[in-house]
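Structure data (compact mmCIF, C-alpha atoms) from coords-v3.txt:
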```txt
# COMPACT_ATOMS: atom_id res chain seq x y z
CA MET A 1054 -14.27 -0.41 -4.94
CA PRO A 1055 -12.50 -1.28 -1.84
CA LEU A 1056 -9.02 -2.57 -2.51
CA VAL A 1057 -8.12 -4.73 0.46
CA ARG A 1058 -4.54 -5.62 1.40
CA ILE A 1059 -4.26 -8.32 4.05
CA SER A 1060 -0.84 -9.18 5.49
CA HIS A 1061 -0.71 -12.25 7.71
CA PRO A 1062 1.95 -14.54 9.20
CA ARG A 1063 2.88 -17.54 7.08
CA ARG A 1064 0.84 -20.69 7.72
CA ASP A 1065 0.77 -24.11 6.18
CA ASP A 1066 -3.00 -23.90 5.83
CA PRO A 1067 -3.96 -22.29 2.50
CA ALA A 1068 -7.59 -22.06 3.58
CA PHE A 1069 -6.55 -19.53 6.21
CA ALA A 1070 -5.91 -16.75 3.69
CA THR A 1071 -9.18 -17.44 1.92
CA ALA A 1072 -11.05 -17.32 5.21
CA LEU A 1073 -9.45 -13.98 6.06
CA GLY A 1074 -10.43 -12.48 2.74
CA ASP A 1075 -13.97 -13.79 2.89
CA ALA A 1076 -14.50 -12.46 6.40
CA VAL A 1077 -13.21 -8.97 5.60
CA HIS A 1078 -15.35 -8.86 2.48
CA ARG A 1079 -18.48 -9.94 4.33
CA ALA A 1080 -17.92 -7.17 6.88
CA LEU A 1081 -17.54 -4.60 4.10
CA VAL A 1082 -20.75 -5.77 2.46
CA GLU A 1083 -22.77 -5.85 5.66
CA SER A 1084 -21.36 -2.79 7.44
CA MET A 1085 -20.68 -0.47 4.52
CA ASN A 1086 -23.03 -1.49 1.72
CA VAL A 1087 -20.19 -2.62 -0.54
CA PRO A 1088 -21.62 -4.63 -3.48
CA ALA A 1089 -21.20 -8.38 -3.01
CA ASP A 1090 -19.28 -8.73 -6.27
CA ASP A 1091 -16.96 -5.79 -5.55
CA LYS A 1092 -14.25 -7.99 -4.08
CA PHE A 1093 -10.65 -7.12 -4.92
CA GLN A 1094 -7.97 -8.22 -2.48
CA ILE A 1095 -4.25 -8.80 -2.25
CA ILE A 1096 -3.47 -11.30 0.50
CA THR A 1097 0.20 -11.81 1.38
CA THR A 1098 2.00 -14.09 3.78
CA HIS A 1099 4.97 -12.91 5.75
CA ASP A 1100 7.83 -14.66 7.51
CA ALA A 1101 8.68 -14.01 11.13
CA GLY A 1102 9.97 -10.49 11.59
CA GLN A 1103 8.29 -9.04 8.51
CA ILE A 1104 5.17 -7.99 10.41
CA VAL A 1105 6.42 -5.80 13.22
CA HIS A 1106 4.19 -5.04 16.20
CA PRO A 1107 4.69 -3.78 19.74
CA PRO A 1108 4.07 -6.08 22.74
CA ALA A 1109 1.10 -3.84 23.49
CA TYR A 1110 -0.41 -0.51 22.43
CA LEU A 1111 -3.26 1.41 24.01
CA GLY A 1112 -3.65 -1.35 26.56
CA ILE A 1113 -4.11 -4.12 23.99
CA ALA A 1114 -1.49 -6.88 23.91
CA HIS A 1115 -0.32 -8.21 20.54
CA THR A 1116 1.19 -11.56 19.57
CA ASP A 1117 2.94 -12.82 16.45
CA ALA A 1118 -0.53 -13.69 15.11
CA VAL A 1119 -1.02 -10.01 14.17
CA VAL A 1120 -2.90 -9.54 10.89
CA ILE A 1121 -2.75 -6.11 9.24
CA ILE A 1122 -5.64 -5.09 6.99
CA GLN A 1123 -5.38 -1.93 4.89
CA ILE A 1124 -8.46 -0.97 2.91
CA THR A 1125 -8.55 1.71 0.21
CA LEU A 1126 -12.15 2.84 -0.26
CA ASN A 1127 -14.26 5.80 -1.27
CA THR A 1128 -14.82 8.69 1.10
CA GLY A 1129 -18.24 9.19 2.57
CA ARG A 1130 -18.55 6.55 5.26
CA THR A 1131 -19.55 7.85 8.69
CA VAL A 1132 -17.62 7.24 11.86
CA GLU A 1133 -20.41 4.92 12.95
CA GLN A 1134 -20.03 2.85 9.79
CA LYS A 1135 -16.30 2.63 10.39
CA ARG A 1136 -16.88 1.50 13.98
CA ALA A 1137 -19.31 -1.15 12.74
CA LEU A 1138 -16.79 -2.35 10.15
CA TYR A 1139 -14.00 -2.75 12.70
CA ALA A 1140 -16.27 -4.58 15.13
CA GLN A 1141 -17.58 -6.94 12.49
CA ILE A 1142 -14.13 -7.71 11.07
CA ALA A 1143 -12.97 -8.55 14.60
CA ASP A 1144 -15.99 -10.75 15.22
CA LEU A 1145 -15.72 -12.62 11.93
CA LEU A 1146 -11.94 -13.11 12.04
CA ALA A 1147 -12.13 -14.38 15.61
CA ASP A 1148 -15.07 -16.71 14.97
CA GLY A 1149 -13.89 -18.08 11.62
CA PRO A 1150 -10.15 -18.25 10.97
CA GLY A 1151 -9.47 -17.77 14.67
CA VAL A 1152 -7.39 -14.60 14.71
CA PRO A 1153 -7.28 -13.16 18.25
CA ARG A 1154 -9.43 -10.02 18.34
CA SER A 1155 -6.53 -8.17 19.89
CA ASP A 1156 -4.31 -9.00 16.91
CA ILE A 1157 -6.44 -7.43 14.19
CA ILE A 1158 -5.03 -4.11 13.01
CA ILE A 1159 -7.07 -2.11 10.47
CA SER A 1160 -6.16 0.98 8.45
CA LEU A 1161 -8.50 2.78 6.05
CA VAL A 1162 -7.33 5.03 3.19
CA GLU A 1163 -10.06 7.11 1.57
CA VAL A 1164 -10.11 8.34 -2.02
CA VAL A 1165 -12.52 10.10 -4.36
CA LYS A 1166 -14.73 8.08 -6.66
CA GLU A 1167 -12.95 8.91 -9.90
CA ASN A 1168 -9.82 7.20 -8.59
CA TRP A 1169 -10.82 3.71 -9.72
CA SER A 1170 -10.84 1.66 -12.86
CA PHE A 1171 -12.32 -1.85 -12.72
CA GLY A 1172 -11.28 -3.03 -16.13
CA ASP A 1173 -11.41 -1.92 -19.75
CA GLY A 1174 -9.60 1.33 -18.96
CA ILE A 1175 -12.79 3.04 -17.82
CA ALA A 1176 -13.37 5.22 -14.73
CA GLN A 1177 -16.56 3.39 -13.81
CA TYR A 1178 -17.44 5.59 -10.82
CA ALA A 1179 -16.64 8.98 -12.38
CA THR A 1180 -19.64 11.15 -13.21
CA MET B 656 6.42 11.31 -7.62
CA PRO B 657 4.09 8.61 -8.39
CA LEU B 658 4.85 5.52 -6.36
CA VAL B 659 3.45 2.62 -8.37
CA ARG B 660 2.63 -0.77 -6.84
CA ILE B 661 1.89 -3.47 -9.39
CA SER B 662 0.65 -6.87 -8.21
CA HIS B 663 0.50 -9.59 -10.86
CA PRO B 664 0.11 -13.38 -11.00
CA ARG B 665 3.36 -15.33 -10.94
CA ARG B 666 4.86 -16.08 -14.37
CA ASP B 667 8.01 -17.76 -15.52
CA ASP B 668 8.76 -14.84 -17.81
CA PRO B 669 10.78 -12.17 -15.97
CA ALA B 670 10.30 -9.76 -18.87
CA PHE B 671 6.59 -9.63 -18.07
CA ALA B 672 7.05 -7.58 -14.90
CA THR B 673 9.38 -5.17 -16.67
CA ALA B 674 6.90 -4.73 -19.48
CA LEU B 675 4.11 -4.00 -16.99
CA GLY B 676 6.17 -1.37 -15.23
CA ASP B 677 7.31 0.27 -18.45
CA ALA B 678 3.77 0.47 -19.80
CA VAL B 679 2.33 2.01 -16.64
CA HIS B 680 5.15 4.52 -16.53
CA ARG B 681 4.70 5.52 -20.16
CA ALA B 682 1.00 6.14 -19.52
CA LEU B 683 1.82 8.33 -16.51
CA VAL B 684 4.29 10.35 -18.56
CA GLU B 685 2.00 10.79 -21.54
CA SER B 686 -1.35 11.22 -19.77
CA MET B 687 -0.32 13.07 -16.62
CA ASN B 688 2.90 14.90 -17.43
CA VAL B 689 4.93 12.84 -15.01
CA PRO B 690 8.67 13.45 -15.65
CA ALA B 691 10.28 10.62 -17.60
CA ASP B 692 12.87 9.98 -14.89
CA ASP B 693 10.31 9.98 -12.06
CA LYS B 694 9.89 6.22 -12.10
CA PHE B 695 9.57 4.47 -8.75
CA GLN B 696 7.76 1.14 -8.71
CA ILE B 697 7.32 -1.93 -6.57
CA ILE B 698 6.32 -4.90 -8.72
CA THR B 699 5.32 -8.08 -6.92
CA THR B 700 4.32 -11.53 -8.10
CA HIS B 701 1.59 -13.47 -6.36
CA ASP B 702 0.68 -17.13 -6.22
CA ALA B 703 -2.80 -18.38 -7.05
CA GLY B 704 -5.29 -17.19 -4.47
CA GLN B 705 -3.31 -14.16 -3.33
CA ILE B 706 -4.95 -11.83 -5.83
CA VAL B 707 -8.66 -12.15 -5.16
CA HIS B 708 -11.19 -10.96 -7.72
CA PRO B 709 -14.87 -11.55 -8.43
CA PRO B 710 -15.98 -13.47 -11.56
CA ALA B 711 -17.38 -10.15 -12.77
CA TYR B 712 -18.09 -6.65 -11.47
CA LEU B 713 -20.03 -3.85 -13.16
CA GLY B 714 -20.56 -6.11 -16.16
CA ILE B 715 -16.85 -6.79 -16.73
CA ALA B 716 -15.67 -10.38 -16.37
CA HIS B 717 -12.34 -11.08 -14.66
CA THR B 718 -9.92 -13.98 -14.96
CA ASP B 719 -6.93 -15.11 -12.93
CA ALA B 720 -4.83 -12.82 -15.11
CA VAL B 721 -6.01 -9.83 -13.01
CA VAL B 722 -3.28 -7.23 -12.46
CA ILE B 723 -3.83 -4.67 -9.69
CA ILE B 724 -2.10 -1.30 -10.03
CA GLN B 725 -2.15 1.15 -7.14
CA ILE B 726 -0.57 4.54 -7.74
CA THR B 727 0.20 7.11 -5.05
CA LEU B 728 0.50 10.54 -6.69
CA ASN B 729 0.04 14.22 -6.05
CA THR B 730 -3.42 15.77 -6.02
CA GLY B 731 -4.40 18.09 -8.81
CA ARG B 732 -5.11 15.81 -11.75
CA THR B 733 -8.48 16.34 -13.40
CA VAL B 734 -11.06 13.65 -13.95
CA GLU B 735 -10.26 13.85 -17.66
CA GLN B 736 -6.58 13.19 -16.97
CA LYS B 737 -7.52 10.21 -14.84
CA ARG B 738 -9.77 8.85 -17.57
CA ALA B 739 -6.92 9.24 -20.06
CA LEU B 740 -4.52 7.46 -17.75
CA TYR B 741 -6.81 4.46 -17.27
CA ALA B 742 -7.47 4.18 -21.00
CA GLN B 743 -3.81 4.39 -21.90
CA ILE B 744 -2.74 1.87 -19.26
CA ALA B 745 -5.35 -0.54 -20.63
CA ASP B 746 -4.19 0.03 -24.21
CA LEU B 747 -0.51 -0.39 -23.41
CA LEU B 748 -0.91 -3.43 -21.16
CA ALA B 749 -3.11 -5.15 -23.70
CA ASP B 750 -0.87 -4.34 -26.66
CA GLY B 751 2.47 -5.09 -24.97
CA PRO B 752 2.53 -7.67 -22.18
CA GLY B 753 -0.88 -8.92 -23.24
CA VAL B 754 -2.98 -8.40 -20.14
CA PRO B 755 -6.69 -8.60 -21.00
CA ARG B 756 -8.16 -5.10 -20.82
CA SER B 757 -10.90 -6.44 -18.57
CA ASP B 758 -8.31 -7.67 -16.06
CA ILE B 759 -6.61 -4.33 -15.35
CA ILE B 760 -7.68 -2.87 -12.01
CA ILE B 761 -6.38 0.60 -11.11
CA SER B 762 -6.56 2.52 -7.82
CA LEU B 763 -5.21 6.04 -7.28
CA VAL B 764 -4.27 7.49 -3.90
CA GLU B 765 -3.67 11.23 -3.84
CA VAL B 766 -1.38 13.10 -1.46
CA VAL B 767 -0.05 16.63 -1.02
CA LYS B 768 3.26 17.60 -2.51
CA GLU B 769 5.21 17.81 0.74
CA ASN B 770 4.60 14.11 1.33
CA TRP B 771 7.60 12.93 -0.68
CA SER B 772 11.31 12.56 -0.28
CA PHE B 773 13.33 11.33 -3.26
CA GLY B 774 16.61 10.83 -1.50
CA ASP B 775 19.04 12.71 0.75
CA GLY B 776 16.31 13.25 3.36
CA ILE B 777 14.93 16.29 1.54
CA ALA B 778 11.27 17.16 0.82
CA GLN B 779 12.01 18.01 -2.80
CA TYR B 780 8.47 19.16 -3.67
CA ALA B 781 7.77 21.22 -0.54
CA THR B 782 7.73 24.97 -1.01
CA MET C 1181 -0.94 4.89 14.23
CA PRO C 1182 1.56 5.06 11.53
CA LEU C 1183 1.48 1.95 9.40
CA VAL C 1184 4.92 1.68 7.84
CA ARG C 1185 5.64 -0.34 4.72
CA ILE C 1186 9.34 -0.78 3.99
CA SER C 1187 10.42 -2.43 0.73
CA HIS C 1188 14.10 -3.27 0.44
CA PRO C 1189 16.36 -5.37 -1.79
CA ARG C 1190 16.90 -8.95 -0.64
CA ARG C 1191 19.89 -9.49 1.65
CA ASP C 1192 21.30 -12.46 3.46
CA ASP C 1193 21.46 -10.45 6.66
CA PRO C 1194 18.18 -10.72 8.61
CA ALA C 1195 19.31 -7.99 10.99
CA PHE C 1196 19.14 -5.50 8.13
CA ALA C 1197 15.35 -5.47 8.00
CA THR C 1198 15.12 -5.07 11.76
CA ALA C 1199 17.57 -2.18 11.67
CA LEU C 1200 15.54 -0.47 8.94
CA GLY C 1201 12.34 -0.78 10.91
CA ASP C 1202 13.91 0.40 14.16
CA ALA C 1203 15.45 3.44 12.48
CA VAL C 1204 12.23 4.54 10.79
CA HIS C 1205 10.33 4.09 14.03
CA ARG C 1206 12.83 6.14 16.01
CA ALA C 1207 12.53 8.96 13.50
CA LEU C 1208 8.72 8.89 13.79
CA VAL C 1209 8.94 9.02 17.57
CA GLU C 1210 11.49 11.81 17.69
CA SER C 1211 10.32 13.95 14.76
CA MET C 1212 6.56 13.48 14.94
CA ASN C 1213 5.74 12.59 18.54
CA VAL C 1214 4.56 9.10 17.64
CA PRO C 1215 4.18 7.03 20.83
CA ALA C 1216 7.09 4.65 21.36
CA ASP C 1217 4.82 1.60 21.48
CA ASP C 1218 2.88 2.60 18.36
CA LYS C 1219 5.05 0.50 16.05
CA PHE C 1220 3.30 -1.37 13.25
CA GLN C 1221 5.36 -2.21 10.19
CA ILE C 1222 5.37 -4.51 7.18
CA ILE C 1223 8.91 -5.04 5.94
CA THR C 1224 9.31 -6.90 2.66
CA THR C 1225 12.32 -8.05 0.68
CA HIS C 1226 12.38 -7.86 -3.08
CA ASP C 1227 14.40 -9.59 -5.76
CA ALA C 1228 16.29 -7.68 -8.42
CA GLY C 1229 13.90 -5.90 -10.74
CA GLN C 1230 11.00 -5.72 -8.29
CA ILE C 1231 12.03 -2.31 -6.95
CA VAL C 1232 12.22 -0.08 -10.00
CA HIS C 1233 14.06 3.24 -9.84
CA PRO C 1234 15.53 5.68 -12.34
CA PRO C 1235 19.32 6.17 -12.62
CA ALA C 1236 18.69 9.63 -11.20
CA TYR C 1237 15.81 12.00 -10.42
CA LEU C 1238 15.96 15.65 -9.42
CA GLY C 1239 19.74 15.47 -9.54
CA ILE C 1240 20.03 12.58 -7.09
CA ALA C 1241 21.53 9.33 -8.39
CA HIS C 1242 20.00 6.03 -7.31
CA THR C 1243 21.48 2.53 -7.08
CA ASP C 1244 19.97 -0.91 -6.63
CA ALA C 1245 20.19 -0.29 -2.88
CA VAL C 1246 17.01 1.82 -3.09
CA VAL C 1247 14.70 1.40 -0.09
CA ILE C 1248 11.11 2.60 -0.43
CA ILE C 1249 9.28 3.62 2.74
CA GLN C 1250 5.55 4.37 2.62
CA ILE C 1251 3.97 5.59 5.83
CA THR C 1252 0.22 5.89 6.43
CA LEU C 1253 -0.36 8.34 9.29
CA ASN C 1254 -2.82 10.83 10.65
CA THR C 1255 -3.18 14.27 9.09
CA GLY C 1256 -1.99 17.26 11.05
CA ARG C 1257 1.77 17.18 10.77
CA THR C 1258 3.34 20.42 9.53
CA VAL C 1259 5.66 20.68 6.58
CA GLU C 1260 8.47 21.33 9.03
CA GLN C 1261 7.72 18.09 10.88
CA LYS C 1262 7.74 16.23 7.58
CA ARG C 1263 11.09 17.77 6.63
CA ALA C 1264 12.48 16.74 10.01
CA LEU C 1265 11.18 13.20 9.57
CA TYR C 1266 12.79 12.78 6.15
CA ALA C 1267 16.11 14.17 7.36
CA GLN C 1268 16.17 11.96 10.41
CA ILE C 1269 15.23 8.81 8.50
CA ALA C 1270 18.06 9.53 6.09
CA ASP C 1271 20.52 10.14 8.92
CA LEU C 1272 19.55 7.01 10.84
CA LEU C 1273 19.41 4.68 7.83
CA ALA C 1274 22.79 5.91 6.62
CA ASP C 1275 24.44 5.69 10.04
CA GLY C 1276 22.96 2.35 11.10
CA PRO C 1277 22.07 -0.17 8.39
CA GLY C 1278 24.15 1.78 5.89
CA VAL C 1279 21.61 2.69 3.23
CA PRO C 1280 23.00 5.44 0.99
CA ARG C 1281 21.15 8.68 1.79
CA SER C 1282 20.45 9.11 -1.90
CA ASP C 1283 18.67 5.75 -2.03
CA ILE C 1284 16.01 6.45 0.59
CA ILE C 1285 12.61 7.16 -0.97
CA ILE C 1286 9.77 8.20 1.34
CA SER C 1287 6.04 8.57 0.66
CA LEU C 1288 3.47 9.70 3.23
CA VAL C 1289 -0.26 8.97 3.00
CA GLU C 1290 -2.45 10.92 5.41
CA VAL C 1291 -5.77 9.78 6.84
CA VAL C 1292 -8.28 10.96 9.45
CA LYS C 1293 -8.09 9.65 12.97
CA GLU C 1294 -11.17 7.44 12.85
CA ASN C 1295 -9.53 5.35 10.12
CA TRP C 1296 -7.67 3.06 12.53
CA SER C 1297 -8.37 0.06 14.68
CA PHE C 1298 -5.54 -1.29 16.85
CA GLY C 1299 -7.22 -4.46 17.99
CA ASP C 1300 -10.46 -5.64 19.57
CA GLY C 1301 -12.51 -4.13 16.72
CA ILE C 1302 -12.45 -0.67 18.30
CA ALA C 1303 -11.80 2.70 16.61
CA GLN C 1304 -9.39 3.77 19.34
CA TYR C 1305 -8.78 7.28 17.96
CA ALA C 1306 -12.36 8.18 17.05
CA THR C 1307 -14.01 10.73 19.28
```
Could you write out this file's structure as structure tokens?
Amino acid sequence: MPLVRISHPRRDDPAFATALGDAVHRALVESMNVPADDKFQIITTHDAGQIVHPPAYLGIAHTDAVVIIQITLNTGRTVEQKRALYAQIADLLADGPGVPRSDIIISLVEVVKENWSFGDGIAQYAT
Amino acid sequence: MPLVRISHPRRDDPAFATALGDAVHRALVESMNVPADDKFQIITTHDAGQIVHPPAYLGIAHTDAVVIIQITLNTGRTVEQKRALYAQIADLLADGPGVPRSDIIISLVEVVKENWSFGDGIAQYAT
Amino acid sequence: MPLVRISHPRRDDPAFATALGDAVHRALVESMNVPADDKFQIITTHDAGQIVHPPAYLGIAHTDAVVIIQITLNTGRTVEQKRALYAQIADLLADGPGVPRSDIIISLVEVVKENWSFGDGIAQYAT
């Protein structure tokens, strides 16, 4: 159910994008009880200037390594679950692909459960 | 009013993207009473690995032909209208451009009517 | 806090994208009290056919110069603030980078304040 959009600066290493996607998915599974096989992502690379960021915001400095992660997911997660998700994404992206923790920007968009179809033209979550 | 984002695997056939967009729009018009000339879409092609999907989810197998459709639209549609939209998109994409029904992923994001401007800096739907 | 996605037709002028982003940000700061250093944007160029628009909608004609701006931001802005934002974006994009006012399409997506992390894995706006 989450649809994850990851926008990152262009790199010559194709494994980087895969590592980003895997890390975000693991955090969703572990922090928010997303099913392990509910993994739908769009990962895009961007040339210099396409990802715009300030030098710093709220006391956190940003570099051109900024990665922007926007996740559409169902409503119902608590603030504590969201905090856990952000912390785990930062941990995993820093430890694995090596994105600076300060350069990880996350945005959540919440929707109701009948707003998804996962194939075959069916609203799998609607009741 | 709907803003439609369609993400599909790269193809050498430029007519494919047009056919995807036309099919999604027709389904919106017929299933959700969207005006025929209210057609705003961003259709992007993606290289292998940029559209991430599981081998299967909820019993539906997915291939690298997965197309992800995210539609921002006004609130107010019923669950039945959403079901009809998903079914019609699947029918039209399978019959026309030939996307496997199992590979059509749809996500809706709902907003209030004052959240749009369709040119000239005016909030056309605000009352 | 706003995350701004700007989709524009491909141009040979790299300053065009920067001018688009700067204009939208200035409008957010002046019309909606967004902090000046809260500037996160993804600006993408699109080939012919990737940005789909009708010849006209609601009496406004559109050309292939259409620019689509989707802004994710916190709830709480009034309709009047949204009207002011649209008007100012249109003014600034027409005066600066020269986008026809009729070709500026804007979509807002509103979220709650705990739906953001601006680095370091923290939910900076959650209380």
Please find the residues of chain B near chain A - the criterion being any atom within 6 Å, counting all atoms listed in the file - and write them as a VMD selection string.
chain B and resid 705 to 709 712 738 741 to 742 745 756 to 763
How many Å lie between CA of Ala1118 in chain A and CA of Val1209 in chain C, rounded to one decimal?
24.7 Å
Over all C-alpha pairs taken in sequence order, what does chain C look like after a least-squares fit onto chain B? Please give it as a compact mmCIF listing (two decimals) with C-alpha atoms, keeping the file's coordinate frame.
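Result went into superposed-v4.txt, see below:
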```txt
# COMPACT_ATOMS: atom_id res chain seq x y z
CA MET C 1181 6.43 11.32 -7.59
CA PRO C 1182 4.08 8.60 -8.38
CA LEU C 1183 4.84 5.51 -6.37
CA VAL C 1184 3.44 2.61 -8.36
CA ARG C 1185 2.62 -0.76 -6.83
CA ILE C 1186 1.88 -3.47 -9.39
CA SER C 1187 0.65 -6.87 -8.21
CA HIS C 1188 0.49 -9.58 -10.85
CA PRO C 1189 0.11 -13.37 -11.00
CA ARG C 1190 3.36 -15.33 -10.95
CA ARG C 1191 4.86 -16.08 -14.36
CA ASP C 1192 8.00 -17.77 -15.53
CA ASP C 1193 8.75 -14.84 -17.81
CA PRO C 1194 10.78 -12.16 -15.98
CA ALA C 1195 10.30 -9.75 -18.87
CA PHE C 1196 6.59 -9.62 -18.08
CA ALA C 1197 7.05 -7.59 -14.90
CA THR C 1198 9.38 -5.18 -16.66
CA ALA C 1199 6.90 -4.72 -19.49
CA LEU C 1200 4.11 -3.99 -16.99
CA GLY C 1201 6.17 -1.37 -15.23
CA ASP C 1202 7.33 0.27 -18.45
CA ALA C 1203 3.78 0.46 -19.79
CA VAL C 1204 2.32 2.02 -16.65
CA HIS C 1205 5.16 4.52 -16.53
CA ARG C 1206 4.68 5.53 -20.15
CA ALA C 1207 0.99 6.14 -19.51
CA LEU C 1208 1.82 8.34 -16.50
CA VAL C 1209 4.29 10.34 -18.56
CA GLU C 1210 2.00 10.79 -21.54
CA SER C 1211 -1.35 11.22 -19.78
CA MET C 1212 -0.33 13.08 -16.64
CA ASN C 1213 2.90 14.90 -17.45
CA VAL C 1214 4.95 12.84 -15.02
CA PRO C 1215 8.67 13.45 -15.65
CA ALA C 1216 10.28 10.62 -17.60
CA ASP C 1217 12.88 9.98 -14.89
CA ASP C 1218 10.32 10.00 -12.07
CA LYS C 1219 9.90 6.22 -12.11
CA PHE C 1220 9.57 4.47 -8.76
CA GLN C 1221 7.75 1.15 -8.72
CA ILE C 1222 7.32 -1.95 -6.58
CA ILE C 1223 6.31 -4.90 -8.73
CA THR C 1224 5.32 -8.07 -6.92
CA THR C 1225 4.32 -11.53 -8.09
CA HIS C 1226 1.60 -13.47 -6.37
CA ASP C 1227 0.68 -17.13 -6.21
CA ALA C 1228 -2.79 -18.39 -7.03
CA GLY C 1229 -5.29 -17.19 -4.46
CA GLN C 1230 -3.29 -14.16 -3.32
CA ILE C 1231 -4.95 -11.83 -5.83
CA VAL C 1232 -8.66 -12.16 -5.16
CA HIS C 1233 -11.19 -10.96 -7.73
CA PRO C 1234 -14.87 -11.56 -8.44
CA PRO C 1235 -15.98 -13.47 -11.56
CA ALA C 1236 -17.37 -10.15 -12.76
CA TYR C 1237 -18.09 -6.64 -11.46
CA LEU C 1238 -20.02 -3.85 -13.15
CA GLY C 1239 -20.55 -6.10 -16.15
CA ILE C 1240 -16.85 -6.78 -16.73
CA ALA C 1241 -15.66 -10.38 -16.37
CA HIS C 1242 -12.34 -11.07 -14.67
CA THR C 1243 -9.92 -13.99 -14.96
CA ASP C 1244 -6.93 -15.11 -12.93
CA ALA C 1245 -4.83 -12.81 -15.12
CA VAL C 1246 -6.00 -9.84 -13.02
CA VAL C 1247 -3.29 -7.22 -12.46
CA ILE C 1248 -3.83 -4.67 -9.69
CA ILE C 1249 -2.10 -1.30 -10.03
CA GLN C 1250 -2.15 1.16 -7.13
CA ILE C 1251 -0.58 4.54 -7.75
CA THR C 1252 0.19 7.11 -5.05
CA LEU C 1253 0.50 10.54 -6.68
CA ASN C 1254 0.03 14.21 -6.05
CA THR C 1255 -3.43 15.76 -6.01
CA GLY C 1256 -4.39 18.08 -8.83
CA ARG C 1257 -5.09 15.81 -11.76
CA THR C 1258 -8.49 16.35 -13.40
CA VAL C 1259 -11.05 13.65 -13.95
CA GLU C 1260 -10.26 13.85 -17.64
CA GLN C 1261 -6.57 13.19 -16.97
CA LYS C 1262 -7.51 10.21 -14.84
CA ARG C 1263 -9.77 8.84 -17.58
CA ALA C 1264 -6.93 9.25 -20.07
CA LEU C 1265 -4.51 7.46 -17.74
CA TYR C 1266 -6.81 4.47 -17.28
CA ALA C 1267 -7.47 4.19 -21.00
CA GLN C 1268 -3.81 4.39 -21.89
CA ILE C 1269 -2.74 1.86 -19.26
CA ALA C 1270 -5.34 -0.53 -20.62
CA ASP C 1271 -4.20 0.04 -24.20
CA LEU C 1272 -0.51 -0.39 -23.42
CA LEU C 1273 -0.90 -3.43 -21.15
CA ALA C 1274 -3.11 -5.15 -23.70
CA ASP C 1275 -0.86 -4.35 -26.66
CA GLY C 1276 2.47 -5.10 -24.98
CA PRO C 1277 2.53 -7.68 -22.18
CA GLY C 1278 -0.89 -8.93 -23.25
CA VAL C 1279 -2.97 -8.39 -20.14
CA PRO C 1280 -6.68 -8.61 -21.00
CA ARG C 1281 -8.15 -5.09 -20.82
CA SER C 1282 -10.88 -6.43 -18.58
CA ASP C 1283 -8.32 -7.67 -16.06
CA ILE C 1284 -6.61 -4.34 -15.35
CA ILE C 1285 -7.67 -2.87 -12.01
CA ILE C 1286 -6.39 0.60 -11.10
CA SER C 1287 -6.56 2.51 -7.81
CA LEU C 1288 -5.21 6.03 -7.28
CA VAL C 1289 -4.28 7.49 -3.89
CA GLU C 1290 -3.68 11.24 -3.83
CA VAL C 1291 -1.39 13.10 -1.46
CA VAL C 1292 -0.05 16.64 -1.02
CA LYS C 1293 3.27 17.60 -2.50
CA GLU C 1294 5.22 17.81 0.74
CA ASN C 1295 4.59 14.11 1.34
CA TRP C 1296 7.59 12.93 -0.69
CA SER C 1297 11.30 12.56 -0.28
CA PHE C 1298 13.32 11.32 -3.26
CA GLY C 1299 16.61 10.83 -1.50
CA ASP C 1300 19.03 12.71 0.74
CA GLY C 1301 16.31 13.25 3.37
CA ILE C 1302 14.92 16.28 1.53
CA ALA C 1303 11.27 17.17 0.82
CA GLN C 1304 12.02 18.00 -2.80
CA TYR C 1305 8.48 19.16 -3.67
CA ALA C 1306 7.76 21.21 -0.54
CA THR C 1307 7.73 24.95 -1.02
```
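As for CA of Ala1203 in chain C and CA of Gln1268 in chain C, they are spaced 8.8 Å apart.
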Å distance separating CA of Leu683 in chain B from CA of Arg1190 in chain C, one decimal place:
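Interatomic distance here is 27.9 Å.
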Residue contacts of Val1119 in chain A (7 Å, only C-alpha atoms) excluding same-chain residues fewer than 2 positions away, as an MDAnalysis selection string
chainID A and resid 1061 1115:1117 1121 1156:1157
